[in-house]
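Working notes, beginning with the structure itself.
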Amino acid sequence: MTDIASDWLHEEYAKPAPILVLGLGNVLIEDEGIGIAAIEYLNNYYSFGKEVELLDGGTSGMALLEDMRNRNTVIVLDAVSTGHQPGEMVILKNEQVPVFLRNKISPHQLALSDVLAILSFTDEQPKNIAIIGVEPVSLKTHIGLSPKVRQQLEPMIDEVLAMISATGYAVPEKSNQILHETDTPFHLV
């Protein structure tokens, strides 16, 4: 590569961050928005280095293929329907994820399953994958989370931070932010 060609390339954008924290969901359908609310919370209150990328994946589906390709770790945050009690947090890791995705328990899960299958076929799948989900209480058209699901937001964040910490990366709180119960992302009210 010539010096001219390498001068334009910012190293932090040359390859994906090792860790992707991916929030999925639809904020217009009450508890379906938990994954997006969690990404917003993380973005507002924690500082992430170039090793960790936060992504609001919404209901992107197959468009997530490039974002997930060749990651060391992918942590998916989403509403899940696994038969647990409404409002209960569910954590699935590595080998548990493909089995879980066969049940197609979320509208965008079919696409996530397909993305992981394609990445596996091309040997570009994440080395580690986890789904941190919360069983929805309500799926009615409404912006904001039900109180029972909202209570799982902080435990969900704690799990994400613990998983990132287990990979060797520290995630400090933003020093200029003071957390107050009323100071929450708009999706939660």
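Naming works like this for the structure tokens: A, B, ... for the chains as they're shown, residue 1 at the start of each chain, ligands 1 onward in shown order.
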
Would you mind writing down, as a VMD selection string, each residue of segment 56-160 of chain A that DSSP on the backbone assigns to alpha helix (DSSP H)? chain A and resid 65 to 68 96 to 101 109 to 121 147 to 150 153 to 160

Just asking: which residues within segment 40-113 of chain A are strand (DSSP E) according to DSSP, as a PyMOL selection string? chain A and resi 52-58+73-79+89-93

For a quick check of understanding, using only C-alpha atoms, which of A:Asn43, A:Thr141, A:Asn94, A:Thr122 has the smallest distance to Ile157 of chain A?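 Under the stated criterion, the closest residue is A:Asn43.
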